[in-house]
file work26.tsv (TSV, C-alpha atoms)
chain	number	residue	atom	x	y	z
A	1	TYR	CA	11.73	-7.40	5.44
A	2	TYR	CA	9.68	-9.17	8.09
A	3	SER	CA	10.77	-6.66	10.76
A	4	LEU	CA	10.15	-3.67	8.49
A	5	ARG	CA	6.71	-5.05	7.58
A	6	ARG	CA	5.71	-5.53	11.23
A	7	GLN	CA	7.01	-2.07	12.14
A	8	ARG	CA	5.00	-0.35	9.41
A	9	GLU	CA	1.92	-2.35	10.38
A	10	ARG	CA	2.27	-1.15	13.98
A	11	TRP	CA	2.75	2.45	12.85
A	12	ALA	CA	-0.26	2.51	10.54
A	13	HIS	CA	-2.48	0.68	13.04
A	14	GLY	CA	-1.33	2.77	16.01
A	15	ASN	CA	-1.77	6.10	14.26
A	16	MET	CA	-5.32	5.20	13.25
A	17	GLN	CA	-6.06	4.22	16.84
A	18	ILE	CA	-4.83	7.64	17.98
A	19	ILE	CA	-6.96	9.34	15.31
A	20	LEU	CA	-10.04	7.46	16.49
A	21	LYS	CA	-9.34	8.12	20.16
A	22	ASP	CA	-7.71	11.56	20.34
A	23	LEU	CA	-8.02	13.53	17.09
A	24	TYR	CA	-11.09	15.49	18.16
A	25	SER	CA	-9.51	16.49	21.48
A	26	ILE	CA	-6.29	17.52	19.73
A	27	ILE	CA	-8.10	19.63	17.12
A	28	THR	CA	-10.33	21.35	19.69
A	29	ASN	CA	-7.57	21.90	22.27
A	30	PRO	CA	-7.04	25.67	22.65
A	31	LYS	CA	-3.44	25.11	23.86
A	32	PHE	CA	-2.38	24.19	20.32
A	33	ASN	CA	-2.17	26.70	17.47
A	34	TRP	CA	-3.34	25.71	13.98
A	35	GLN	CA	0.19	24.80	12.82
A	36	GLN	CA	0.59	22.37	15.72
A	37	LYS	CA	-2.84	20.89	15.03
A	38	TRP	CA	-1.98	20.50	11.34
A	39	SER	CA	1.34	18.86	12.27
A	40	PHE	CA	-0.46	16.35	14.50
A	41	PHE	CA	-2.91	15.56	11.72
A	42	ALA	CA	-0.19	15.27	9.07
A	43	GLN	CA	1.89	12.94	11.23
A	44	LEU	CA	-1.05	10.76	12.21
A	45	THR	CA	-2.19	10.32	8.61
A	46	ALA	CA	1.31	9.77	7.18
A	47	TRP	CA	0.87	6.00	7.23
A	48	LEU	CA	-2.63	5.89	5.74
A	49	HIS	CA	-1.63	4.13	2.59
A	50	PRO	CA	-4.30	3.89	-0.17
A	51	ASN	CA	-1.98	2.27	-2.74
A	52	PHE	CA	-3.91	-0.97	-2.51
A	53	ILE	CA	-6.91	0.57	-4.31
A	54	PRO	CA	-5.42	0.32	-7.85
A	55	PHE	CA	-4.44	-3.29	-7.17
A	56	LEU	CA	-7.96	-4.11	-5.94
A	57	LEU	CA	-9.43	-2.55	-9.08
A	58	LEU	CA	-7.12	-4.62	-11.25
A	59	ILE	CA	-8.01	-7.83	-9.41
A	60	ALA	CA	-11.72	-7.06	-9.70
A	61	SER	CA	-11.53	-6.23	-13.40
A	62	LEU	CA	-9.45	-9.31	-14.21
A	63	GLY	CA	-11.90	-11.42	-12.20
A	64	MET	CA	-14.82	-9.98	-14.16
A	65	LEU	CA	-13.03	-10.77	-17.39
A	66	ILE	CA	-12.42	-14.38	-16.37
A	67	PHE	CA	-16.02	-15.01	-15.36
A	68	LYS	CA	-17.89	-12.92	-17.93
A	69	ASN	CA	-15.38	-12.94	-20.77
A	70	ASN	CA	-16.83	-10.20	-22.95
A	71	GLN	CA	-15.39	-7.23	-24.81
A	72	GLU	CA	-16.51	-4.62	-22.27
A	73	ASP	CA	-14.75	-6.47	-19.45
A	74	ALA	CA	-11.65	-6.84	-21.62
A	75	MET	CA	-11.61	-3.06	-22.04
A	76	ILE	CA	-12.08	-2.52	-18.28
A	77	ALA	CA	-9.20	-4.91	-17.54
A	78	THR	CA	-7.01	-3.18	-20.13
A	79	TYR	CA	-7.75	0.28	-18.74
A	80	SER	CA	-7.21	-0.97	-15.18
A	81	LEU	CA	-3.84	-2.38	-16.14
A	82	LEU	CA	-2.98	0.86	-17.95
A	83	SER	CA	-4.01	2.97	-14.94
A	84	LEU	CA	-1.91	0.75	-12.66
A	85	ALA	CA	1.08	1.22	-14.99
A	86	VAL	CA	0.58	5.02	-14.96
A	87	PHE	CA	0.27	4.93	-11.16
A	88	ILE	CA	3.55	3.01	-10.83
A	89	LEU	CA	5.23	5.38	-13.31
A	90	MET	CA	4.05	8.41	-11.30
A	91	LYS	CA	5.46	6.84	-8.13
A	92	ALA	CA	8.76	6.20	-9.94
A	93	VAL	CA	8.94	9.86	-11.01
A	94	TYR	CA	8.11	11.01	-7.47
A	95	PHE	CA	10.76	8.78	-5.91
A	96	SER	CA	13.28	9.79	-8.61
A	97	LEU	CA	12.80	13.44	-7.71
A	98	PHE	CA	13.10	12.66	-4.00
A	99	LEU	CA	16.27	10.61	-4.47
A	100	ALA	CA	17.76	13.29	-6.74
A	101	LYS	CA	17.06	15.91	-4.07
A	102	GLN	CA	18.96	13.73	-1.56
A	103	ASN	CA	21.86	13.36	-4.05
A	104	ASN	CA	21.25	9.62	-3.86
A	105	PHE	CA	19.70	8.85	-7.23
A	106	SER	CA	20.64	5.71	-9.09
A	107	ILE	CA	18.55	3.18	-10.96
A	108	THR	CA	19.40	0.62	-8.26
A	109	ASN	CA	18.22	2.96	-5.47
A	110	LEU	CA	15.07	3.77	-7.42
A	111	LEU	CA	14.23	0.10	-7.98
A	112	GLN	CA	14.94	-0.73	-4.33
A	113	THR	CA	12.75	2.17	-3.18
A	114	LEU	CA	9.90	1.12	-5.46
A	115	ALA	CA	10.20	-2.53	-4.40
A	116	SER	CA	10.13	-1.57	-0.72
A	117	HIS	CA	7.24	0.86	-1.22
A	118	PHE	CA	5.04	-1.49	-3.22
A	119	GLY	CA	6.14	-4.52	-1.23
A	120	LEU	CA	4.56	-2.96	1.86
A	121	THR	CA	1.37	-1.94	0.05
A	122	VAL	CA	-0.88	-4.66	1.40
A	123	THR	CA	0.39	-4.31	4.96
A	124	MET	CA	0.11	-0.54	5.12
A	125	SER	CA	-3.18	-0.42	3.23
A	126	THR	CA	-4.91	-2.90	5.51
A	127	ALA	CA	-3.44	-2.02	8.93
A	128	TRP	CA	-5.36	1.25	9.28
A	129	ILE	CA	-8.54	-0.41	8.02
A	130	ALA	CA	-8.12	-3.06	10.73
A	131	ALA	CA	-7.80	-0.28	13.32
A	132	LEU	CA	-10.96	1.39	11.95
A	133	LEU	CA	-12.76	-1.93	12.38
A	134	LYS	CA	-11.35	-2.15	15.94
A	135	GLN	CA	-9.46	-5.35	15.20
A	136	PRO	CA	-6.63	-5.84	17.68
A	137	LEU	CA	-3.07	-5.94	16.49
A	138	PHE	CA	-1.19	-8.65	18.31
A	139	PHE	CA	2.14	-7.57	19.71
A	140	ASN	CA	5.09	-8.70	17.68
A	141	ARG	CA	8.35	-7.04	18.60
A	142	THR	CA	10.90	-6.07	15.97
A	143	ASN	CA	13.77	-8.54	15.82
A	144	LYS	CA	16.96	-6.80	17.00
A	145	ASP	CA	19.16	-9.92	17.22
A	146	PRO	CA	20.71	-10.93	13.87
A	147	GLU	CA	21.11	-14.50	15.16
A	148	GLU	CA	17.41	-14.84	16.00
A	149	LYS	CA	15.44	-16.53	13.27
A	150	THR	CA	12.56	-14.62	11.76
A	151	PRO	CA	9.27	-16.48	11.51
A	152	ARG	CA	8.59	-18.32	8.28
A	153	TYR	CA	5.20	-17.49	6.86
A	154	LEU	CA	3.45	-16.87	3.60
A	155	PRO	CA	3.15	-13.07	3.41
A	156	ARG	CA	-0.02	-11.47	2.11
A	157	GLU	CA	2.04	-9.75	-0.56
A	158	LEU	CA	3.11	-13.09	-2.03
A	159	ILE	CA	-0.48	-14.33	-1.99
A	160	LEU	CA	-1.64	-11.16	-3.80
A	161	ALA	CA	1.13	-11.42	-6.38
A	162	THR	CA	0.28	-15.08	-7.01
A	163	ILE	CA	-3.41	-14.27	-7.48
A	164	LEU	CA	-2.61	-11.44	-9.90
A	165	PHE	CA	-0.19	-13.65	-11.83
A	166	LEU	CA	-2.66	-16.53	-12.11
A	167	GLU	CA	-5.47	-14.19	-13.15
A	168	ALA	CA	-3.27	-12.60	-15.79
A	169	ILE	CA	-2.35	-16.02	-17.18
A	170	ALA	CA	-5.99	-17.09	-17.23
A	171	VAL	CA	-7.12	-13.89	-18.95
A	172	TYR	CA	-4.43	-13.62	-21.58
A	173	SER	CA	-4.12	-17.31	-22.39
A	174	SER	CA	-7.84	-17.64	-23.02
A	175	SER	CA	-8.42	-17.77	-26.75
A	176	SER	CA	-12.02	-16.67	-26.33
A	177	VAL	CA	-11.11	-13.17	-25.08
A	178	PRO	CA	-12.21	-10.83	-27.85
A	179	SER	CA	-9.67	-8.32	-29.01
A	180	ALA	CA	-10.57	-4.69	-28.60
A	181	LYS	CA	-11.27	-3.17	-32.00
A	182	ILE	CA	-10.81	0.51	-32.63
A	183	THR	CA	-13.51	1.91	-34.82
A	184	THR	CA	-13.26	5.22	-36.57
call {"tool": "encode", "arguments": {"input": "work26.tsv", "output": "structure tokens"}}
result
Amino acid sequence: YYSLRRQRERWAHGNMQIILKDLYSIITNPKFNWQQKWSFFAQLTAWLHPNFIPFLLLIASLGMLIFKNNQEDAMIATYSLLSLAVFILMKAVYFSLFLAKQNNFSITNLLQTLASHFGLTVTMSTAWIAALLKQPLFFNRTNKDPEEKTPRYLPRELILATILFLEAIAVYSSSSVPSAKITT
């Protein structure tokens, strides 16, 4: 996982650096036809990963609920959680169709694909932003030796999951959170 994470971070960061440096010259280059230009653009933006946005919205809405603790914020948190669930369901359907097309569909493959995809969300969502902000990416080669130990660290994904879990516990264990009433 560590090697895959570092590889995807390099890809997302590197492609954004190329976009910032060379996209204009590629698009305006008369030697390339429009299909070639579109292919360059599609490849360079393949790793721009906005999946982190629904998670940020959920964190923000749960945070508002913890600090304000009113019915409107409870509704925002509920809708944010619902939209995140729909988002994950849509991804599951998309990956199911892709795996079925490859004649490789199974529940295990689907769950592994979703875990890999969402497990890399923070890395791939922030790497291109770091490149936009001109933050350097320190070189970290991919481990090719199975005997070589991978670094031990606390990944950003685990920190995010812990924050979400603690916020959810705080929100839903609070007895002062008003229940949403449906009026007719």
call {"tool": "residues_around", "arguments": {"input": "work26.tsv", "residues": "range 18-32 of chain A", "least_positions_apart": "3", "cutoff": "9 Å", "atoms": "only C-alpha atoms", "output": "list in words"}}
result
His13, Gly14, Asn15, Gln35, Gln36, Lys37, Trp38, Phe40, Phe41, Leu44, Thr45, Ala131 and Leu132 of chain A
call {"tool": "atom_distance", "arguments": {"input": "work26.tsv", "atom1": "CA of Lys134 in chain A", "atom2": "CA of Gln17 in chain A"}}
result
8.3 Å
call {"tool": "atom_distance", "arguments": {"input": "work26.tsv", "atom1": "CA of Ala60 in chain A", "atom2": "CA of Ile163 in chain A"}}
result
11.2 Å
